[in-house]
Amino acid sequence: MAKVIVYPPTSMILSDLVERMGHKALVVPEAVRRLVTASGIESPPLNMTPEEPKKGLRYAAVDVPSGVRGRMSLIGPIIEEAEAAIIVEDPGWLTGCAGCSRTNELVRLLIRTKGVPVLDLSYPTNDAEAKVFVSKIRTFLEGLK
Amino acid sequence: MLVTKYVITSSESNILPSDIAMKIYGSKYEVLVKETCFGVVINGEEEVINALVKEIRALDPAGIFIKDRGFPPGDPRRCRGRRGGGARPGFYMIESESKMLPLISRALAFQGDIPDIPEKKKPLPIKRLEEIIKNGLS
């Protein structure tokens, strides 16, 4: 079972396909869960403390907006854990944790420079594309240990 | 550790969110269930949720999708009932991907040869554009 990071990191379709094919999907909600369900809320409502942007400093410089560093404090550790990646081309409707274009560029860059196997795809728009989409993901995941 | 997961049904699935909720109510598992328009949100201990997810998926293997969620169900930081209405931030992603679920469901259920798709037209490379401009102006 390999740890596979999916991009967009909040994608339902990708995380479901990875999990149903027997691998572990690395997704942002897990990182959010650790933060929001931790006992003792230091900084309501989301428990984002000044420590989070500092963690983000590992991935982005100090002059980068704190929103990027805050997001990277969640997504960065996930990238470090990843053993493979599935990247779907930006569909134009990324929201929430994945709603920052600069963060998304940095996430894609870090994944690609990490040197793990990467599968690049686009979201399907018809049945034939969907069959190819699922087939490519299946083949890619079957090739992982 | 308590975990929360979304169980989302494809619009073409014969399984309704209420069917999933009823299956969970009738099961041996002690979990919190919240029924929504697109599926259900379940919350419970990780091992229990993982076992339950397998049973729910068996209802319609190609038509039921599972997604992790950070916040517990009904959390006042996300629940729209406490925030004065409006969709919660992550809903837009689910809404957008839900439109694709029938395609993915049919693809998962499909057994046969994968069709060849012609490559999409790529934008004109800059070098080729430069050549065209030079040839046109000379």
# chains A, B, ... in the order shown; residues from 1 in each chain; ligands from 1

$ interface_residues --of "chain A" --to "chain B" --cutoff "9 Å" --atoms "only C-alpha atoms" --output "count of residues only"
39

$ residues_around --residues "Glu105 (chain A)" --least-positions-apart "6" --cutoff "12 Å" --atoms "only C-alpha atoms" --output "ChimeraX atom specification"
/A:7-8,60,68,72,87,89-90,98-99,111-112

$ write_last_selection --atoms "N, CA and C atoms" --output "compact mmCIF listing (two decimals), in the first residue's frame"
# COMPACT_ATOMS: atom_id res chain seq x y z
N TYR A 7 -4.03 15.70 -6.24
CA TYR A 7 -4.20 17.13 -6.49
C TYR A 7 -5.37 17.30 -7.46
N PRO A 8 -6.40 18.06 -7.14
CA PRO A 8 -6.61 18.88 -5.96
C PRO A 8 -6.64 18.07 -4.66
N ALA A 60 7.76 28.10 1.96
CA ALA A 60 7.63 29.38 1.27
C ALA A 60 8.33 30.46 2.09
N VAL A 68 -0.64 31.69 1.97
CA VAL A 68 0.10 30.61 1.29
C VAL A 68 0.82 29.77 2.34
N MET A 72 0.28 25.94 3.27
CA MET A 72 1.41 25.01 3.15
C MET A 72 1.69 24.29 4.46
N ILE A 87 -2.01 14.11 -10.29
CA ILE A 87 -2.31 15.54 -10.45
C ILE A 87 -3.32 15.71 -11.58
N GLU A 89 -5.31 18.42 -13.83
CA GLU A 89 -5.19 19.80 -14.30
C GLU A 89 -6.24 20.68 -13.62
N ASP A 90 -5.83 21.90 -13.27
CA ASP A 90 -6.72 22.82 -12.56
C ASP A 90 -8.06 22.99 -13.31
N ALA A 98 -7.91 24.53 -1.20
CA ALA A 98 -7.23 24.51 -2.50
C ALA A 98 -7.60 25.75 -3.32
N GLY A 99 -8.06 26.79 -2.66
CA GLY A 99 -8.56 27.96 -3.39
C GLY A 99 -7.55 29.04 -3.68
N ILE A 111 5.55 18.74 -5.53
CA ILE A 111 5.28 17.33 -5.86
C ILE A 111 6.20 16.88 -6.99
N ARG A 112 6.31 17.73 -8.01
CA ARG A 112 7.11 17.33 -9.19
C ARG A 112 8.60 17.26 -8.87

$ closest_residue --among "B:Ser27, B:Thr36, B:Ser18, B:Ser11" --to "Gly63 (chain B)" --atoms "only C-alpha atoms"
B:Ser11

$ closest_residue --among "B:Ile24, B:Cys37, B:Gly85, B:Ile126" --to "Leu59 (chain B)" --atoms "only C-alpha atoms"
B:Ile24

$ atom_distance --atom1 "CA of Ile75 (chain A)" --atom2 "CA of Leu57 (chain A)"
12.4 Å

$ select_by_dssp --residues "chain A" --states "helix (DSSP H, G or I)" --output "PyMOL selection string"
chain A and resi 12-20+28-36+51-56+66-81+96-98+101-114+127-142

$ atom_distance --atom1 "CA of Val118 (chain A)" --atom2 "CA of Ala85 (chain A)"
4.7 Å

$ residues_around --residues "Glu35 (chain B)" --least-positions-apart "3" --cutoff "8 Å" --atoms "only C-alpha atoms" --output "ChimeraX atom specification"
/B:17-18,21,39-41

$ closest_residue --among "B:Lys34, B:Gly74, B:Leu129, B:Lys28" --to "Leu52 (chain B)" --atoms "only C-alpha atoms"
B:Lys28

$ closest_residue --among "A:Ile86, A:Glu52, A:Thr139, A:Lys3" --to "Asp120 (chain A)" --atoms "only C-alpha atoms"
A:Ile86

$ select_by_dssp --residues "chain B" --states "strand (DSSP E or B)" --output "JSON, numbers by chain"
{"B": [2, 3, 4, 5, 6, 7, 8, 9, 32, 33, 34, 35, 39, 40, 41, 42, 43, 44, 45, 64, 65, 66, 67, 68, 69]}

$ write_last_selection --atoms "C-alpha atoms" --output "short mmCIF file (atom, residue, chain, number, x, y, z; two decimals), in the first residue's frame"
data_model
loop_
_atom_site.label_atom_id
_atom_site.label_comp_id
_atom_site.auth_asym_id
_atom_site.auth_seq_id
_atom_site.Cartn_x
_atom_site.Cartn_y
_atom_site.Cartn_z
CA LEU B 2 -12.89 9.94 15.78
CA VAL B 3 -13.06 10.39 12.03
CA THR B 4 -15.70 11.87 9.76
CA LYS B 5 -16.45 10.77 6.22
CA TYR B 6 -18.83 11.79 3.50
CA VAL B 7 -20.71 9.08 1.68
CA ILE B 8 -21.83 10.58 -1.61
CA THR B 9 -24.09 8.91 -4.15
CA LEU B 32 -23.28 9.42 14.24
CA VAL B 33 -25.15 9.85 10.96
CA LYS B 34 -26.30 13.03 9.29
CA GLU B 35 -28.35 12.75 6.12
CA GLY B 39 -25.38 11.57 0.73
CA VAL B 40 -24.64 11.13 4.41
CA VAL B 41 -21.98 12.29 6.84
CA ILE B 42 -20.79 9.62 9.26
CA ASN B 43 -18.70 10.11 12.37
CA GLY B 44 -17.20 7.49 14.66
CA GLU B 45 -14.09 5.60 15.67
CA ILE B 64 -21.08 5.34 -3.99
CA PHE B 65 -18.08 7.56 -3.29
CA ILE B 66 -16.35 8.22 0.00
CA LYS B 67 -14.49 11.37 1.02
CA ASP B 68 -12.75 12.39 4.22
CA ARG B 69 -14.03 15.41 6.12
#

$ residues_around --residues "Glu80 (chain A)" --least-positions-apart "4" --cutoff "12 Å" --atoms "only C-alpha atoms" --output "ChimeraX atom specification"
/A:3-5,26,58-59,72-76,84-85,107,110-116
